[in-house]
Amino acid sequence: MTSATATGRAARRRPSRTGVAGVLVLVAPVALLEAALFFAPLVYVAVRSFYDWQPGGVSTFNGVANYVELFTDPEFWQVVGNQLFYLLGLPLWVIAPLIVAYMLRERVALPGLWRSIYFFPAVMSPAIVGLVFRSLLSTGGPVDSFLDRIGLDALALPWLTDQNLVKPVIIVLVLWAGFGTGVLIFASALGAVPQEIFEAARLDGAGFWRELWDIATPSIRPTVVLWTMFQVISIFLFMFSWIYVLTGGGPGLASTTLDFAIYQKFMRFGFFGSAAAESVVLVIMIVLVALIGLAVQRVSRAVAVRSAARREARG
Amino acid sequence: MSLRGERRLKTTIAAVIAVPFVLPFVFLIATTFRTRDDYISDPGGLPRSFTWDNLTAAWTQADLGRALVNTLIVCLVACVVCAVTALTGAYWFRLASGRVSGGLRWLLVSAYAIPMIAWLIPVFVILANGGLTGNLVIAGIVNGVSSLPFALYLVHTFYGQVLTPELLEAATLDGAGIFRTFRSIAVPLALPALASVVALVFVWTFGDLLVAATLLQEDPSVYTITLAATSLSTREDVNLQGQAAAALVALLPTLIVFVAAQKALAKGFGGVSEK
């Protein structure tokens, strides 16, 4: 920690002489590309959200009408509700990979192979994988017919077309998709922890679960918090492909996420002004979530420091 | 519990967890290569036949060969754009000190959290006004830039570890300018991080649906493989087995990358945890 700060201070003291040529050649490309594709369009959308936006036609300023329309639309609130419902999967998405990463730490055959297999979905196109799951889970499809065959026909449910089932099913599929990445990240974090603490716990007679909760998890707390944040943000950012392919947002609006709803408004229905307003709302929601995440991170760091101090005081 | 008992139990659990990760792909392969009658009689059972028909039918109906070539063009452009600009940018941010450059870096990295849908649609509207949709190179650039915040973060973090102030100072004492230092020190040092960036951008771009469905949707001759495979599902003349075949073709290239570049990929994803 001290050496890192010292290096940082040295870096700050080092005079920067990158010059105009350096700016133009090295940093201008990345800055301009991001400005052109992220920031300028975002500002453009924010401005257009106050218009009755008709691309290619005449757009008229209409104040906050788009926002009023959006906030009084029950469908919008249903989609926001879906988004919050998906977040219920969070404990599952964090705890499941944590347990398995810890389990694979020692006394298990072929840990690398298992980690590779779990990691598999991370490189697969969510759109294509969604296509496969849609076939698998279709009514009367392979999963149902298999369940029928082994006498569990009561469980042969309309997984993706029942409005109460579809969100839990998607939560499980999100677990499937992110599980391996989580295992990988937790495993590398656990590998970086001084291994003596586990041995000490074992000598104290701690079992698997106590070791996991009392020793392993606190020792990689920053990684756990970061992964949790990452999963929360992913739910706002990357659900489009899954929803587009798996359910088309249905049945009704039962599985629609905000990004998919915005896409539909823009590309299918042509409600451009309303879609722009919804985009702005989505961005604000993500900023709020990120701020909450940062606050949680700060609190958890403070807690970690305090408990470490207490441990030290105890001797 | 004895140590051997624990080992056996843990290994069994690990293997059971592996089943849902393997089974969908087994199903995909089985569905692709069995005959229609065999599939209809028992879609969830074991295949009792073998045929190439589904694969060849999907290949021609969805023009998968062309779609693969299109995807590779998009991926190539995306990888080059992202890797080059992330590398030079990260190098500059390593050299530059001060509040302005720090703030700029923070801004460029935190753009990761801007939802793609919020910026992609206006980009689409502007491109459409200029008649520039349906262009593979532009789709590649858009894909590359969409990975740029993460790539910049990754390479910059890596430089923080390997491109030490002492190293930079030594280069300056030797009389090397910033471009010379870049060429002979910064680029060779960054190769492991670059491998991660290229592998990640390839995988993400290969699997992209949103950019393709927005910028390339009007003209089937520029469909990428994901767009071709997913658009099959809305066609009456293609059955579920044809879709499975298309999905298999769409997954195979990433499977190869996965096997070839697993370390680089894992390191890239691991970048999330390094902080």
# chains A, B, ... in the order shown; residues from 1 in each chain; ligands from 1
$ interface_residues --of "chain A" --to "chain B" --cutoff "7 Å" --atoms "only C-alpha atoms" --output "ChimeraX atom specification"
/A:11-12,16,18,26-27,29-30,33-34,37-38,41-42,45,55,103,107-109,114,117-118,123-128,132,141-143,145-146,181,185,223,237,241,259,263,279,283
$ write_last_selection --atoms "C-alpha atoms" --output "short mmCIF file (atom, residue, chain, number, x, y, z; two decimals), in the first residue's frame"
data_model
loop_
_atom_site.label_atom_id
_atom_site.label_comp_id
_atom_site.auth_asym_id
_atom_site.auth_seq_id
_atom_site.Cartn_x
_atom_site.Cartn_y
_atom_site.Cartn_z
CA ALA A 11 4.54 9.65 -11.07
CA ARG A 12 2.86 12.92 -10.13
CA SER A 16 4.88 15.53 -18.20
CA THR A 18 4.12 14.70 -23.94
CA LEU A 26 -1.77 9.29 -28.79
CA VAL A 27 -4.85 10.46 -26.96
CA PRO A 29 -8.05 9.16 -31.36
CA VAL A 30 -9.56 7.53 -28.29
CA LEU A 33 -13.95 8.34 -31.07
CA GLU A 34 -15.64 8.20 -27.66
CA LEU A 37 -19.98 7.83 -30.55
CA PHE A 38 -20.87 8.13 -26.84
CA PRO A 41 -25.04 11.25 -29.30
CA LEU A 42 -25.98 11.19 -25.62
CA VAL A 45 -30.65 12.37 -27.33
CA PRO A 55 -36.00 12.02 -37.65
CA MET A 103 -14.86 -25.15 -3.16
CA ARG A 107 -8.78 -30.90 -2.49
CA VAL A 108 -10.68 -31.30 -5.72
CA ALA A 109 -9.71 -33.09 -8.90
CA TRP A 114 -14.24 -27.22 -14.18
CA ILE A 117 -16.27 -25.41 -18.50
CA TYR A 118 -18.13 -22.90 -16.34
CA VAL A 123 -17.35 -16.17 -24.75
CA MET A 124 -20.56 -17.32 -26.40
CA SER A 125 -22.85 -14.86 -28.13
CA PRO A 126 -25.79 -14.23 -25.78
CA ALA A 127 -27.99 -13.94 -28.85
CA ILE A 128 -27.06 -17.39 -30.12
CA VAL A 132 -30.55 -22.41 -28.13
CA GLY A 141 -39.63 -28.78 -26.61
CA PRO A 142 -36.73 -30.98 -25.53
CA VAL A 143 -36.77 -30.04 -21.84
CA SER A 145 -40.43 -33.85 -23.47
CA PHE A 146 -37.53 -35.09 -21.35
CA THR A 181 -16.72 -15.36 -14.97
CA ILE A 185 -12.63 -13.69 -10.66
CA THR A 223 -13.70 -8.19 -5.21
CA LEU A 237 -26.66 -2.59 -19.82
CA SER A 241 -29.73 -9.71 -26.73
CA ASP A 259 -32.96 -1.28 -23.02
CA TYR A 263 -35.09 -0.38 -28.79
CA SER A 279 -32.96 6.67 -22.69
CA VAL A 283 -28.78 6.73 -18.04
#
$ residues_around --residues "region 296-310 of chain A" --least-positions-apart "6" --cutoff "12 Å" --atoms "only C-alpha atoms" --output "MDAnalysis selection string"
chainID A and resid 214 217:229 289:290
$ write_last_selection --atoms "C-alpha atoms" --output "compact mmCIF listing (two decimals), in the first residue's frame"
# COMPACT_ATOMS: atom_id res chain seq x y z
CA ASP A 214 -15.65 -15.74 8.25
CA THR A 217 -15.28 -13.75 2.04
CA PRO A 218 -13.96 -10.92 4.22
CA SER A 219 -10.48 -11.40 2.78
CA ILE A 220 -11.72 -10.72 -0.76
CA ARG A 221 -14.41 -8.20 0.18
CA PRO A 222 -13.38 -5.59 -2.45
CA THR A 223 -13.70 -8.19 -5.21
CA VAL A 224 -17.10 -9.30 -3.95
CA VAL A 225 -18.36 -5.71 -3.88
CA LEU A 226 -16.93 -5.01 -7.32
CA TRP A 227 -18.48 -8.14 -8.83
CA THR A 228 -21.84 -7.25 -7.26
CA MET A 229 -21.67 -3.78 -8.81
CA VAL A 289 -26.89 2.80 -9.20
CA ALA A 290 -23.19 3.44 -9.74
$ atom_distance --atom1 "CA of Cys75 (chain B)" --atom2 "CA of Trp59 (chain B)"
20.6 Å
$ closest_residue --among "B:Ala245, B:Val198, B:Ala190, B:Pro220" --to "Ala30 (chain B)" --atoms "only C-alpha atoms"
B:Ala245
$ residues_around --residues "Phe236 (chain A)" --least-positions-apart "4" --cutoff "8 Å" --atoms "only C-alpha atoms" --output "JSON, numbers by chain"
{"A": [83, 232, 257, 258, 259, 282, 286], "B": [115]}
$ residues_around --residues "Ala228 (chain B)" --least-positions-apart "6" --cutoff "8 Å" --atoms "only C-alpha atoms" --output "list in words"
Ala62, Asp63, Leu64, Ala67 and Pro220 of chain B
$ write_last_selection --atoms "C-alpha atoms" --output "mmCIF file, in the first residue's frame"
data_model
loop_
_atom_site.group_PDB
_atom_site.id
_atom_site.type_symbol
_atom_site.label_atom_id
_atom_site.label_comp_id
_atom_site.auth_asym_id
_atom_site.auth_seq_id
_atom_site.Cartn_x
_atom_site.Cartn_y
_atom_site.Cartn_z
ATOM 1 C CA ALA B 62 -29.284 -18.087 -44.442
ATOM 2 C CA ASP B 63 -26.205 -17.604 -46.613
ATOM 3 C CA LEU B 64 -24.055 -18.441 -43.605
ATOM 4 C CA ALA B 67 -22.436 -13.985 -43.007
ATOM 5 C CA PRO B 220 -29.357 -9.320 -45.927
#
$ select_by_dssp --residues "region 22-144 of chain A" --states "strand (DSSP E or B)" --output "PyMOL selection string"
chain A and resi 51-52+60-61
$ select_by_dssp --residues "region 117-176 of chain A" --states "alpha helix (DSSP H)" --output "ChimeraX atom specification"
/A:117-119,126-137,142-149,166-176
$ write_last_selection --atoms "N, CA and C atoms" --output "compact mmCIF listing (two decimals), in the first residue's frame"
# COMPACT_ATOMS: atom_id res chain seq x y z
N ILE A 117 -14.92 -25.06 -18.03
CA ILE A 117 -16.27 -25.41 -18.50
C ILE A 117 -17.28 -24.35 -18.07
N TYR A 118 -17.17 -23.91 -16.82
CA TYR A 118 -18.13 -22.90 -16.34
C TYR A 118 -17.94 -21.56 -17.08
N PHE A 119 -16.71 -21.32 -17.51
CA PHE A 119 -16.38 -20.05 -18.14
C PHE A 119 -16.88 -19.95 -19.58
N PRO A 126 -24.53 -14.08 -26.52
CA PRO A 126 -25.79 -14.23 -25.78
C PRO A 126 -26.97 -14.42 -26.73
N ALA A 127 -26.89 -13.80 -27.89
CA ALA A 127 -27.99 -13.94 -28.85
C ALA A 127 -28.14 -15.39 -29.30
N ILE A 128 -26.99 -16.02 -29.61
CA ILE A 128 -27.06 -17.39 -30.12
C ILE A 128 -27.41 -18.35 -29.00
N VAL A 129 -26.82 -18.13 -27.83
CA VAL A 129 -27.14 -18.99 -26.70
C VAL A 129 -28.62 -18.85 -26.34
N GLY A 130 -29.12 -17.62 -26.45
CA GLY A 130 -30.55 -17.39 -26.21
C GLY A 130 -31.40 -18.18 -27.18
N LEU A 131 -30.93 -18.24 -28.41
CA LEU A 131 -31.64 -19.02 -29.44
C LEU A 131 -31.72 -20.49 -29.04
N VAL A 132 -30.59 -21.00 -28.54
CA VAL A 132 -30.55 -22.41 -28.13
C VAL A 132 -31.50 -22.64 -26.96
N PHE A 133 -31.46 -21.73 -25.98
CA PHE A 133 -32.34 -21.92 -24.82
C PHE A 133 -33.80 -21.77 -25.20
N ARG A 134 -34.07 -20.91 -26.18
CA ARG A 134 -35.47 -20.78 -26.58
C ARG A 134 -35.99 -22.09 -27.15
N SER A 135 -35.15 -22.75 -27.95
CA SER A 135 -35.56 -24.06 -28.48
C SER A 135 -35.72 -25.06 -27.35
N LEU A 136 -34.72 -25.08 -26.45
CA LEU A 136 -34.74 -26.06 -25.36
C LEU A 136 -35.98 -25.90 -24.49
N LEU A 137 -36.35 -24.65 -24.22
CA LEU A 137 -37.40 -24.38 -23.25
C LEU A 137 -38.77 -24.16 -23.88
N PRO A 142 -37.55 -29.90 -26.09
CA PRO A 142 -36.73 -30.98 -25.53
C PRO A 142 -36.80 -31.08 -24.01
N VAL A 143 -36.75 -29.96 -23.31
CA VAL A 143 -36.77 -30.04 -21.84
C VAL A 143 -38.10 -30.63 -21.37
N ASP A 144 -39.19 -30.10 -21.91
CA ASP A 144 -40.50 -30.62 -21.51
C ASP A 144 -40.65 -32.09 -21.87
N SER A 145 -40.22 -32.46 -23.06
CA SER A 145 -40.43 -33.85 -23.47
C SER A 145 -39.55 -34.79 -22.66
N PHE A 146 -38.38 -34.29 -22.23
CA PHE A 146 -37.53 -35.09 -21.35
C PHE A 146 -38.20 -35.27 -19.99
N LEU A 147 -38.75 -34.18 -19.45
CA LEU A 147 -39.43 -34.25 -18.15
C LEU A 147 -40.62 -35.20 -18.23
N ASP A 148 -41.35 -35.14 -19.33
CA ASP A 148 -42.47 -36.05 -19.56
C ASP A 148 -42.01 -37.49 -19.45
N ARG A 149 -40.91 -37.73 -20.13
CA ARG A 149 -40.42 -39.09 -20.26
C ARG A 149 -39.99 -39.69 -18.92
N VAL A 166 -41.48 -16.47 -16.45
CA VAL A 166 -40.44 -16.06 -17.39
C VAL A 166 -39.30 -15.30 -16.72
N LYS A 167 -39.62 -14.45 -15.75
CA LYS A 167 -38.53 -13.68 -15.12
C LYS A 167 -37.61 -14.57 -14.27
N PRO A 168 -38.16 -15.44 -13.41
CA PRO A 168 -37.26 -16.36 -12.70
C PRO A 168 -36.41 -17.20 -13.65
N VAL A 169 -36.99 -17.65 -14.76
CA VAL A 169 -36.22 -18.44 -15.72
C VAL A 169 -35.06 -17.61 -16.26
N ILE A 170 -35.32 -16.34 -16.56
CA ILE A 170 -34.26 -15.48 -17.10
C ILE A 170 -33.20 -15.22 -16.03
N ILE A 171 -33.61 -15.10 -14.77
CA ILE A 171 -32.63 -14.93 -13.69
C ILE A 171 -31.67 -16.12 -13.65
N VAL A 172 -32.22 -17.33 -13.82
CA VAL A 172 -31.38 -18.52 -13.82
C VAL A 172 -30.46 -18.52 -15.04
N LEU A 173 -30.98 -18.08 -16.18
CA LEU A 173 -30.14 -18.05 -17.38
C LEU A 173 -29.02 -17.02 -17.25
N VAL A 174 -29.31 -15.90 -16.58
CA VAL A 174 -28.26 -14.91 -16.34
C VAL A 174 -27.18 -15.50 -15.42
N LEU A 175 -27.63 -16.29 -14.44
CA LEU A 175 -26.67 -17.00 -13.59
C LEU A 175 -25.79 -17.91 -14.43
N TRP A 176 -26.44 -18.66 -15.31
CA TRP A 176 -25.71 -19.58 -16.20
C TRP A 176 -24.65 -18.81 -16.99
$ closest_residue --among "A:Ile233, A:Gly81, A:Leu246, A:Gln264" --to "Leu288 (chain A)" --atoms "only C-alpha atoms"
A:Ile233
